[in-house]
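Everything below belongs to coords.pdb, which stores PDB, C-alpha atoms.
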```pdb
ATOM      1  CA  MET A   9      70.456 122.665 117.506
ATOM      2  CA  LEU A  10      67.361 122.248 115.341
ATOM      3  CA  THR A  11      64.604 119.704 115.884
ATOM      4  CA  VAL A  12      63.058 118.591 112.607
ATOM      5  CA  HIS A  13      59.722 116.784 112.614
ATOM      6  CA  MET A  14      59.550 114.480 109.626
ATOM      7  CA  HIS A  15      57.028 112.249 107.935
ATOM      8  CA  VAL A  16      58.447 109.832 105.399
ATOM      9  CA  ASN A  17      56.297 107.510 103.318
ATOM     10  CA  ASP A  18      55.284 106.579  99.823
ATOM     11  CA  HIS A  19      52.048 107.094  97.949
ATOM     12  CA  GLU A  20      51.161 105.354  94.696
ATOM     13  CA  GLY A  21      54.813 105.022  93.708
ATOM     14  CA  ALA A  22      55.828 108.516  94.804
ATOM     15  CA  ALA A  23      58.245 109.170  97.677
ATOM     16  CA  VAL A  24      56.690 111.729 100.033
ATOM     17  CA  VAL A  25      58.683 113.577 102.678
ATOM     18  CA  SER A  26      57.266 116.350 104.841
ATOM     19  CA  ALA A  27      59.391 118.209 107.345
ATOM     20  CA  ASP A  28      58.892 121.193 109.598
ATOM     21  CA  TYR A  29      61.056 122.888 112.172
ATOM     22  CA  SER A  30      61.398 126.123 114.093
ATOM     23  CA  ALA A  31      64.448 128.277 113.667
ATOM     24  CA  GLU A  32      65.849 131.569 114.819
ATOM     25  CA  THR A  33      67.947 132.224 111.786
ATOM     26  CA  VAL A  34      67.526 130.824 108.301
ATOM     27  CA  ARG A  35      69.890 132.163 105.727
ATOM     28  CA  ASP A  36      68.361 130.989 102.472
ATOM     29  CA  PHE A  37      65.354 128.681 102.573
ATOM     30  CA  ALA A  38      64.505 129.191  98.926
ATOM     31  CA  GLY A  39      68.099 128.439  97.989
ATOM     32  CA  ALA A  40      67.956 125.254 100.044
ATOM     33  CA  LEU A  41      64.883 124.101  98.117
ATOM     34  CA  TYR A  42      66.802 124.761  94.917
ATOM     35  CA  ILE A  43      69.734 122.654  96.147
ATOM     36  CA  LEU A  44      67.274 119.890  97.054
ATOM     37  CA  ALA A  45      65.823 120.001  93.537
ATOM     38  CA  GLN A  46      69.282 119.855  91.995
ATOM     39  CA  GLN A  47      70.222 116.847  94.118
ATOM     40  CA  ILE A  48      67.049 114.995  93.163
ATOM     41  CA  GLU A  49      67.428 115.617  89.443
ATOM     42  CA  ALA A  50      71.139 114.766  89.532
ATOM     43  CA  ASP A  51      70.042 111.374  90.871
ATOM     44  CA  GLY A  52      67.896 110.865  87.781
ATOM     45  CA  ALA A  53      64.710 111.116  89.827
ATOM     46  CA  ILE A  54      61.633 113.105  88.833
ATOM     47  CA  ILE A  55      60.373 115.995  90.916
ATOM     48  CA  GLY A  56      56.620 115.888  91.299
ATOM     49  CA  HIS A  57      56.485 118.950  93.514
ATOM     50  CA  ILE A  58      58.573 120.545  96.243
ATOM     51  CA  LYS A  59      56.775 123.204  98.214
ATOM     52  CA  GLY A  60      57.678 125.122 101.339
ATOM     53  CA  PHE A  61      56.255 127.709 103.659
ATOM     54  CA  THR A  62      57.181 129.978 106.529
ATOM     55  CA  GLU A  63      54.871 130.833 109.373
ATOM     56  CA  PRO A  64      53.974 133.384 110.476
ATOM     57  CA  SER A  65      54.339 135.262 107.236
ATOM     58  CA  GLY A  66      56.137 138.572 107.217
ATOM     59  CA  ALA A  67      58.450 137.559 110.046
ATOM     60  CA  ALA A  68      61.689 138.157 108.164
ATOM     61  CA  ALA A  69      64.013 141.091 108.465
ATOM     62  CA  PHE A  70      66.564 141.861 105.791
ATOM     63  CA  SER A  71      69.780 143.705 106.354
ATOM     64  CA  ILE A  72      72.688 144.743 104.170
ATOM     65  CA  THR A  73      75.527 146.953 105.199
ATOM     66  CA  ASP A  74      77.998 146.426 102.421
ATOM     67  CA  VAL A  75      77.940 144.649  99.104
ATOM     68  CA  SER A  76      80.698 142.200  99.937
ATOM     69  CA  SER A  77      78.776 140.875 102.948
ATOM     70  CA  GLY A  78      75.578 140.298 101.005
ATOM     71  CA  VAL A  79      72.088 140.349 102.464
ATOM     72  CA  SER A  80      71.442 139.036 105.949
ATOM     73  CA  VAL A  81      68.032 137.474 106.393
ATOM     74  CA  ILE A  82      66.906 137.265 109.965
ATOM     75  CA  TYR A  83      63.696 135.625 111.135
ATOM     76  CA  LYS A  84      61.906 136.213 114.380
ATOM     77  CA  THR A  85      62.436 133.580 117.018
ATOM     78  CA  ASP A  86      60.190 130.536 116.579
ATOM     79  CA  VAL A  87      59.484 131.068 112.936
ATOM     80  CA  LYS A  88      58.246 127.768 111.598
ATOM     81  CA  LEU A  89      59.509 126.519 108.278
ATOM     82  CA  GLY A  90      58.247 123.497 106.475
ATOM     83  CA  LEU A  91      58.364 121.676 103.202
ATOM     84  CA  THR A  92      56.859 118.740 101.378
ATOM     85  CA  ALA A  93      58.731 116.954  98.615
ATOM     86  CA  ILE A  94      56.933 114.453  96.368
ATOM     87  CA  CYS A  95      59.211 112.721  93.877
ATOM     88  CA  TYR A  96      59.445 109.645  91.683
ATOM     89  CA  ASN A  97      62.242 107.166  90.946
ATOM     90  CA  ILE A  98      63.748 107.731  94.373
ATOM     91  CA  THR A  99      63.281 105.906  97.656
ATOM     92  CA  PRO A 100      61.582 107.756 100.522
ATOM     93  CA  GLU A 101      64.694 107.217 102.651
ATOM     94  CA  THR A 102      67.010 108.815 100.091
ATOM     95  CA  LEU A 103      64.616 111.695  99.610
ATOM     96  CA  ALA A 104      64.502 112.188 103.378
ATOM     97  CA  GLU A 105      68.308 112.378 103.474
ATOM     98  CA  TYR A 106      68.279 115.031 100.757
ATOM     99  CA  VAL A 107      65.604 116.999 102.614
ATOM    100  CA  LEU A 108      67.711 116.987 105.774
ATOM    101  CA  ASP A 109      70.739 118.083 103.746
ATOM    102  CA  ALA A 110      68.694 120.989 102.416
ATOM    103  CA  ILE A 111      67.466 121.965 105.882
ATOM    104  CA  ARG A 112      71.020 121.750 107.188
ATOM    105  CA  SER A 113      72.267 124.061 104.465
ATOM    106  CA  ALA A 114      69.415 126.515 105.161
ATOM    107  CA  ALA A 115      70.329 126.433 108.842
ATOM    108  CA  CYS A 116      73.944 127.324 108.120
ATOM    109  CA  ASN A 117      75.287 123.770 107.814
ATOM    110  CA  GLN A 118      74.559 122.573 111.322
ATOM    111  CA  ALA A 119      75.702 118.981 111.873
ATOM    112  CA  LEU A 120      73.297 116.073 111.622
ATOM    113  CA  GLU A 121      73.562 114.001 114.772
ATOM    114  CA  ALA A 122      70.778 111.410 114.553
ATOM    115  CA  GLU A 123      70.131 108.527 112.158
ATOM    116  CA  LEU A 124      67.270 108.446 109.714
ATOM    117  CA  CYS A 125      64.380 106.050 109.967
ATOM    118  CA  SER A 126      61.501 105.395 107.604
ATOM    119  CA  GLU A 127      58.599 106.099 109.914
ATOM    120  CA  ASN A 128      57.379 109.354 111.372
ATOM    121  CA  HIS A 129      60.091 110.628 113.611
ATOM    122  CA  THR A 130      61.954 113.618 114.933
ATOM    123  CA  GLU A 131      65.526 114.423 114.005
ATOM    124  CA  ASN A 132      67.915 116.625 115.916
ATOM    125  CA  ILE A 133      70.380 118.377 113.644
TER     126      ILE A 133
ATOM    127  CA  MET B  22      25.138 124.108  94.456
ATOM    128  CA  THR B  23      27.833 123.566  91.822
ATOM    129  CA  ILE B  24      30.873 121.395  92.479
ATOM    130  CA  LEU B  25      34.094 122.217  90.636
ATOM    131  CA  LEU B  26      37.037 119.830  90.668
ATOM    132  CA  LEU B  27      40.563 120.935  89.805
ATOM    133  CA  ALA B  28      42.748 118.093  88.591
ATOM    134  CA  GLY B  29      46.257 117.800  87.196
ATOM    135  CA  PHE B  30      49.685 116.441  87.988
ATOM    136  CA  LEU B  31      51.866 117.615  90.892
ATOM    137  CA  GLY B  32      53.137 121.138  90.408
ATOM    138  CA  SER B  33      51.007 121.813  87.331
ATOM    139  CA  GLY B  34      49.568 124.982  88.885
ATOM    140  CA  LYS B  35      46.285 123.858  90.413
ATOM    141  CA  THR B  36      46.571 126.067  93.482
ATOM    142  CA  SER B  37      47.508 129.144  91.466
ATOM    143  CA  ILE B  38      44.583 128.520  89.118
ATOM    144  CA  LEU B  39      42.284 127.900  92.078
ATOM    145  CA  LEU B  40      43.166 131.288  93.545
ATOM    146  CA  ARG B  41      42.114 132.986  90.319
ATOM    147  CA  LEU B  42      38.909 130.978  90.049
ATOM    148  CA  ALA B  43      37.923 131.619  93.665
ATOM    149  CA  LYS B  44      38.599 135.326  93.271
ATOM    150  CA  PHE B  45      36.364 135.419  90.175
ATOM    151  CA  LEU B  46      33.508 133.556  91.862
ATOM    152  CA  THR B  47      33.532 135.463  95.141
ATOM    153  CA  GLY B  48      34.111 138.772  93.384
ATOM    154  CA  GLY B  49      30.718 138.332  91.772
ATOM    155  CA  GLU B  50      29.144 137.860  95.216
ATOM    156  CA  ALA B  51      28.800 134.105  94.922
ATOM    157  CA  SER B  52      29.793 132.081  97.963
ATOM    158  CA  ALA B  53      32.455 129.410  97.695
ATOM    159  CA  VAL B  54      34.081 126.886  99.981
ATOM    160  CA  ILE B  55      37.319 125.150  99.081
ATOM    161  CA  ILE B  56      38.135 121.545  99.878
ATOM    162  CA  GLU B  57      41.875 121.085  99.731
ATOM    163  CA  ASN B  58      43.381 117.619  99.472
ATOM    164  CA  GLU B  59      47.134 117.379  99.891
ATOM    165  CA  ILE B  60      49.549 114.503 100.095
ATOM    166  CA  GLY B  61      52.004 114.807 102.952
ATOM    167  CA  GLU B  62      51.376 115.811 106.510
ATOM    168  CA  ILE B  63      52.015 119.535 106.126
ATOM    169  CA  GLY B  64      49.386 121.708 104.486
ATOM    170  CA  VAL B  65      51.503 124.026 102.377
ATOM    171  CA  ASP B  66      48.731 124.896  99.909
ATOM    172  CA  THR B  67      46.196 125.132 102.739
ATOM    173  CA  ARG B  68      48.287 127.774 104.474
ATOM    174  CA  LEU B  69      48.515 129.781 101.281
ATOM    175  CA  LEU B  70      44.776 129.579 100.616
ATOM    176  CA  GLU B  71      43.854 130.383 104.211
ATOM    177  CA  ALA B  72      46.029 133.498 104.065
ATOM    178  CA  THR B  73      43.735 134.814 101.305
ATOM    179  CA  GLY B  74      40.704 134.583 103.598
ATOM    180  CA  LEU B  75      38.942 131.874 101.604
ATOM    181  CA  ARG B  76      36.724 129.429 103.448
ATOM    182  CA  MET B  77      38.555 126.104 103.610
ATOM    183  CA  LYS B  78      38.264 122.485 104.554
ATOM    184  CA  GLU B  79      41.399 120.374 104.337
ATOM    185  CA  VAL B  80      41.773 116.648 103.780
ATOM    186  CA  PHE B  81      45.278 115.507 104.692
ATOM    187  CA  GLY B  82      47.420 112.467 104.378
ATOM    188  CA  GLY B  83      45.473 110.388 101.908
ATOM    189  CA  CYS B  84      44.106 110.931  98.436
ATOM    190  CA  ILE B  85      40.372 111.526  98.066
ATOM    191  CA  CYS B  86      40.098 109.282  95.042
ATOM    192  CA  CYS B  87      41.004 106.253  97.118
ATOM    193  CA  GLY B  88      41.400 105.927 100.870
ATOM    194  CA  SER B  89      39.989 109.298 101.888
ATOM    195  CA  SER B  90      36.936 109.312  99.602
ATOM    196  CA  GLY B  91      34.582 108.743 102.540
ATOM    197  CA  GLN B  92      35.896 111.845 104.228
ATOM    198  CA  LEU B  93      35.362 113.866 101.057
ATOM    199  CA  ILE B  94      31.709 112.867 100.867
ATOM    200  CA  ASP B  95      31.229 113.668 104.568
ATOM    201  CA  ASP B  96      32.932 117.038 104.100
ATOM    202  CA  ILE B  97      30.749 117.978 101.132
ATOM    203  CA  ALA B  98      27.630 117.003 103.079
ATOM    204  CA  SER B  99      28.616 119.043 106.121
ATOM    205  CA  ILE B 100      29.646 122.057 104.047
ATOM    206  CA  ARG B 101      26.359 121.981 102.170
ATOM    207  CA  ALA B 102      24.399 121.753 105.415
ATOM    208  CA  GLU B 103      26.368 124.468 107.205
ATOM    209  CA  TYR B 104      27.055 127.038 104.493
ATOM    210  CA  GLU B 105      24.815 126.239 101.513
ATOM    211  CA  PRO B 106      27.503 127.682  99.238
ATOM    212  CA  ASP B 107      26.952 128.455  95.579
ATOM    213  CA  TYR B 108      30.190 126.629  94.795
ATOM    214  CA  ILE B 109      32.366 123.971  96.316
ATOM    215  CA  ILE B 110      35.811 123.948  94.715
ATOM    216  CA  ILE B 111      37.801 120.783  95.269
ATOM    217  CA  GLU B 112      41.525 120.798  94.628
ATOM    218  CA  ALA B 113      42.562 117.168  94.219
ATOM    219  CA  THR B 114      46.074 115.943  94.871
ATOM    220  CA  GLY B 115      48.502 115.818  91.996
ATOM    221  CA  VAL B 116      48.222 112.035  91.847
ATOM    222  CA  ALA B 117      44.453 111.790  92.049
ATOM    223  CA  TYR B 118      42.154 110.282  89.429
ATOM    224  CA  PRO B 119      39.361 112.836  88.976
ATOM    225  CA  ALA B 120      36.991 110.450  87.208
ATOM    226  CA  ALA B 121      36.807 108.359  90.377
ATOM    227  CA  ILE B 122      36.155 111.440  92.512
ATOM    228  CA  ARG B 123      33.459 112.655  90.143
ATOM    229  CA  ALA B 124      31.781 109.232  90.244
ATOM    230  CA  GLU B 125      31.788 109.224  94.065
ATOM    231  CA  ILE B 126      30.223 112.688  94.182
ATOM    232  CA  GLU B 127      27.570 111.847  91.614
ATOM    233  CA  GLU B 128      26.644 108.661  93.438
ATOM    234  CA  ALA B 129      26.393 110.422  96.801
ATOM    235  CA  PHE B 130      24.680 113.659  95.782
ATOM    236  CA  GLY B 131      23.359 113.274  92.247
ATOM    237  CA  ILE B 132      25.569 116.236  91.232
ATOM    238  CA  ARG B 133      27.935 115.980  88.275
ATOM    239  CA  ALA B 134      31.122 117.822  89.221
ATOM    240  CA  ARG B 135      32.707 119.955  86.512
ATOM    241  CA  VAL B 136      36.361 119.000  86.067
ATOM    242  CA  LEU B 137      38.974 121.596  85.180
ATOM    243  CA  GLY B 138      42.159 119.880  84.046
ATOM    244  CA  ILE B 139      45.496 121.640  84.362
ATOM    245  CA  ALA B 140      48.355 120.496  82.130
ATOM    246  CA  ASP B 141      51.972 121.493  82.786
ATOM    247  CA  CYS B 142      53.169 122.802  79.441
ATOM    248  CA  LYS B 143      56.729 123.430  80.610
ATOM    249  CA  ARG B 144      57.305 119.818  81.747
ATOM    250  CA  TRP B 145      54.831 118.182  79.403
ATOM    251  CA  GLU B 146      57.188 115.966  77.410
ATOM    252  CA  ARG B 147      59.045 114.661  80.460
ATOM    253  CA  LEU B 148      55.930 113.923  82.492
ATOM    254  CA  TRP B 149      53.947 112.441  79.596
ATOM    255  CA  ASN B 150      56.814 110.071  78.772
ATOM    256  CA  ALA B 151      57.207 109.058  82.438
ATOM    257  CA  MET B 152      53.562 108.503  83.434
ATOM    258  CA  PRO B 153      51.149 108.593  80.511
ATOM    259  CA  MET B 154      48.463 106.536  82.236
ATOM    260  CA  LEU B 155      48.103 108.841  85.223
ATOM    261  CA  ILE B 156      48.189 112.043  83.195
ATOM    262  CA  GLY B 157      45.924 110.623  80.538
ATOM    263  CA  ASP B 158      43.354 109.673  83.175
ATOM    264  CA  GLN B 159      43.627 113.034  84.913
ATOM    265  CA  LEU B 160      43.051 115.088  81.783
ATOM    266  CA  GLY B 161      40.952 112.658  79.765
ATOM    267  CA  CYS B 162      37.795 113.329  81.777
ATOM    268  CA  ALA B 163      38.178 117.106  82.032
ATOM    269  CA  ASP B 164      35.441 119.434  80.795
ATOM    270  CA  MET B 165      38.087 122.029  79.991
ATOM    271  CA  ILE B 166      41.881 121.892  80.058
ATOM    272  CA  LEU B 167      44.105 124.845  80.910
ATOM    273  CA  VAL B 168      47.537 124.351  79.392
ATOM    274  CA  ASN B 169      49.501 126.180  82.070
ATOM    275  CA  LYS B 170      52.992 127.741  82.155
ATOM    276  CA  CYS B 171      52.836 128.635  78.470
ATOM    277  CA  ASP B 172      54.882 131.739  79.180
ATOM    278  CA  THR B 173      57.895 129.617  80.161
ATOM    279  CA  ALA B 174      57.549 126.866  77.553
ATOM    280  CA  SER B 175      58.806 127.057  73.992
ATOM    281  CA  PRO B 176      56.199 127.342  71.213
ATOM    282  CA  GLU B 177      57.249 123.873  70.049
ATOM    283  CA  ALA B 178      56.677 122.409  73.524
ATOM    284  CA  ARG B 179      53.282 124.055  73.714
ATOM    285  CA  ASP B 180      52.266 122.752  70.295
ATOM    286  CA  ASP B 181      53.441 119.236  71.185
ATOM    287  CA  ALA B 182      51.376 119.361  74.385
ATOM    288  CA  LEU B 183      48.302 120.585  72.510
ATOM    289  CA  THR B 184      48.643 117.834  69.898
ATOM    290  CA  VAL B 185      48.770 115.085  72.514
ATOM    291  CA  LEU B 186      46.001 116.658  74.602
ATOM    292  CA  LYS B 187      43.682 116.676  71.590
ATOM    293  CA  THR B 188      44.075 112.900  71.349
ATOM    294  CA  ILE B 189      43.640 112.393  75.112
ATOM    295  CA  ASN B 190      40.494 114.514  75.262
ATOM    296  CA  PRO B 191      39.055 115.431  71.839
ATOM    297  CA  SER B 192      36.017 117.244  73.245
ATOM    298  CA  ALA B 193      37.476 119.488  75.950
ATOM    299  CA  PRO B 194      38.380 123.057  75.017
ATOM    300  CA  LEU B 195      42.133 123.551  75.369
ATOM    301  CA  ARG B 196      43.205 126.973  76.627
ATOM    302  CA  PRO B 197      46.903 127.955  76.836
ATOM    303  CA  VAL B 198      47.485 130.187  79.875
ATOM    304  CA  SER B 199      49.933 131.156  82.532
ATOM    305  CA  ALA B 200      48.465 131.246  86.032
ATOM    306  CA  THR B 201      50.873 133.952  87.116
ATOM    307  CA  VAL B 202      50.115 136.319  84.229
ATOM    308  CA  ASP B 203      47.105 138.633  84.029
ATOM    309  CA  VAL B 204      47.113 139.144  80.272
ATOM    310  CA  TYR B 205      44.753 136.262  79.510
ATOM    311  CA  ASP B 206      40.988 136.680  79.387
ATOM    312  CA  TRP B 207      40.431 134.966  82.709
ATOM    313  CA  LYS B 208      36.837 136.153  83.051
ATOM    314  CA  GLY B 209      36.014 134.723  79.645
ATOM    315  CA  LEU B 210      37.711 131.441  80.563
ATOM    316  CA  TRP B 211      35.760 131.090  83.787
ATOM    317  CA  LYS B 212      32.472 131.868  82.111
ATOM    318  CA  GLU B 213      33.248 129.278  79.454
ATOM    319  CA  PHE B 214      34.204 126.661  82.071
ATOM    320  CA  LEU B 215      31.108 127.243  84.164
ATOM    321  CA  GLN B 216      28.962 126.630  81.112
ATOM    322  CA  CYS B 217      30.694 123.387  80.115
TER     323      CYS B 217
END
```

Written form, structure tokens:
Amino acid sequence: MLTVHMHVNDHEGAAVVSADYSAETVRDFAGALYILAQQIEADGAIIGHIKGFTEPSGAAAFSITDVSSGVSVIYKTDVKLGLTAICYNITPETLAEYVLDAIRSAACNQALEAELCSENHTENI
Amino acid sequence: MTILLLAGFLGSGKTSILLRLAKFLTGGEASAVIIENEIGEIGVDTRLLEATGLRMKEVFGGCICCGSSGQLIDDIASIRAEYEPDYIIIEATGVAYPAAIRAEIEEAFGIRARVLGIADCKRWERLWNAMPMLIGDQLGCADMILVNKCDTASPEARDDALTVLKTINPSAPLRPVSATVDVYDWKGLWKEFLQC
């Protein structure tokens, strides 16, 4: 189970969502950001900026044993991942839902168990 | 001490440009301190800049052109007292109004900050149509404008951006670049900007 620390607010008309969490295994964080961007644009919203990081850097190991299995990406225990999404024409709450969807997909589709709220909070997914 | 202010919309390339500028300044043995202002509670750009070994001060949560302007002035004062750097480079948030920041700095220190505007050539038409007031204010007061991401924009998109930028800011030199590409005369650009 992942614990995601989130900050959800708005700034001068922009929806701002920041989220960070620690994970043992993250399959495709960059791909998750791409899915997030697709979801936002499909909604007709405007992406200001979506940016993410991993910490500490260089903590990933990559492994491939056969083409059909693809590349396994394995992170050290307690690698921290985080992102900030700043978008327009979308509510902060909707953006927060999309961010959690993206984190869920990066964490191999783990189920979301808690409800969203609009203030700073922690989600268990 | 010279204060440089990087301004431009979200995702326009300010941090990438800042990395090049800081490398140029410190490569010539000048000292520089960066003040990084980010919206959101997680310092993504700060982490990236810190990893390069640059001296940093971060301002989180609020925007320095409005609620956090007092903190900016305090930070500049303490940096000047502690480090006496040749340059302070301020990266504003992507929704900041640089004219207001420049006015605050001039009032507090009697120093006129040089503003480097960064325009997103790739997304120009979409962003200009959606928020012309913000982008016009951000780039209208710039001493020089870098028209970034030219390598990924069509020539027509670049020309459209240049045409509009000339009306927004008739006096600022406009320089098409790509922050991720070395082919441009970056040294020449920085020398030109520092003499604006």

Distance-based interface of chain A with chain B, 12 Å, counting all atoms listed in the file, as a VMD selection string: chain A and resid 13 to 29 53 to 66 88 to 97 128

List the spatial neighbours of range 35-39 of chain A as an MDAnalysis selection string - criterion: any atom at most 7 Å away, only C-alpha atoms, same-chain residues fewer than 3 positions off excluded. chainID A and resid 42:43 81 114:116

Range 96-105 of chain B environment, 12 Å, only C-alpha atoms, sequence neighbours closer than 4 positions dropped, as a short mmCIF file (atom, residue, chain, number, x, y, z; two decimals) with C-alpha atoms, in the frame of the given file:
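Output below, filename part-v2.cif:
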```
data_model
loop_
_atom_site.label_atom_id
_atom_site.label_comp_id
_atom_site.auth_asym_id
_atom_site.auth_seq_id
_atom_site.Cartn_x
_atom_site.Cartn_y
_atom_site.Cartn_z
CA MET B 22 25.14 124.11 94.46
CA THR B 23 27.83 123.57 91.82
CA ILE B 24 30.87 121.40 92.48
CA LEU B 25 34.09 122.22 90.64
CA ALA B 51 28.80 134.10 94.92
CA SER B 52 29.79 132.08 97.96
CA ALA B 53 32.46 129.41 97.70
CA VAL B 54 34.08 126.89 99.98
CA ILE B 55 37.32 125.15 99.08
CA ILE B 56 38.14 121.54 99.88
CA GLU B 57 41.88 121.08 99.73
CA ASN B 58 43.38 117.62 99.47
CA ARG B 76 36.72 129.43 103.45
CA MET B 77 38.56 126.10 103.61
CA LYS B 78 38.26 122.48 104.55
CA GLU B 79 41.40 120.37 104.34
CA VAL B 80 41.77 116.65 103.78
CA ILE B 85 40.37 111.53 98.07
CA SER B 89 39.99 109.30 101.89
CA SER B 90 36.94 109.31 99.60
CA GLY B 91 34.58 108.74 102.54
CA GLN B 92 35.90 111.84 104.23
CA ILE B 109 32.37 123.97 96.32
CA ILE B 110 35.81 123.95 94.72
CA ILE B 111 37.80 120.78 95.27
CA GLU B 125 31.79 109.22 94.06
CA ILE B 126 30.22 112.69 94.18
CA GLU B 127 27.57 111.85 91.61
CA ALA B 129 26.39 110.42 96.80
CA PHE B 130 24.68 113.66 95.78
CA ILE B 132 25.57 116.24 91.23
CA ALA B 134 31.12 117.82 89.22
#
```

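Atom pair CA of Lys44 in chain B / CA of Ala174 in chain B has a distance of 26.0 Å (rounded to one decimal).
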
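Between CA of Gly29 in chain B and CA of Glu101 in chain A the separation is 26.3 Å.
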
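The shortest atom-to-atom distance to Arg123 in chain B, with all atoms listed in the file taken into account, belongs to B:Gln159 out of B:Ser199, B:Asn150, B:Asn169, B:Gln159.
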
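Near range 34-42 of chain B, within 8 Å and counting all atoms listed in the file, sit Leu27, Ala28, Gly29, Leu31, Phe45, Leu46, Asp66, Leu70, Glu112, Ile139, Asp141, Asn169, Ala200, Thr201 and Trp211 of chain B, not including residues fewer than 3 positions from it in the same chain.
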
Fewer than 4 positions away in the same chain doesn't count, so skip those; otherwise give me all residues within 6 Å of Ile166 in chain B, counting all atoms listed in the file, as a compact mmCIF listing (two decimals) with C-alpha atoms, keeping the file's coordinate frame.
```txt
# COMPACT_ATOMS: atom_id res chain seq x y z
CA LEU B 137 38.97 121.60 85.18
CA GLY B 138 42.16 119.88 84.05
CA ILE B 139 45.50 121.64 84.36
CA LEU B 195 42.13 123.55 75.37
```
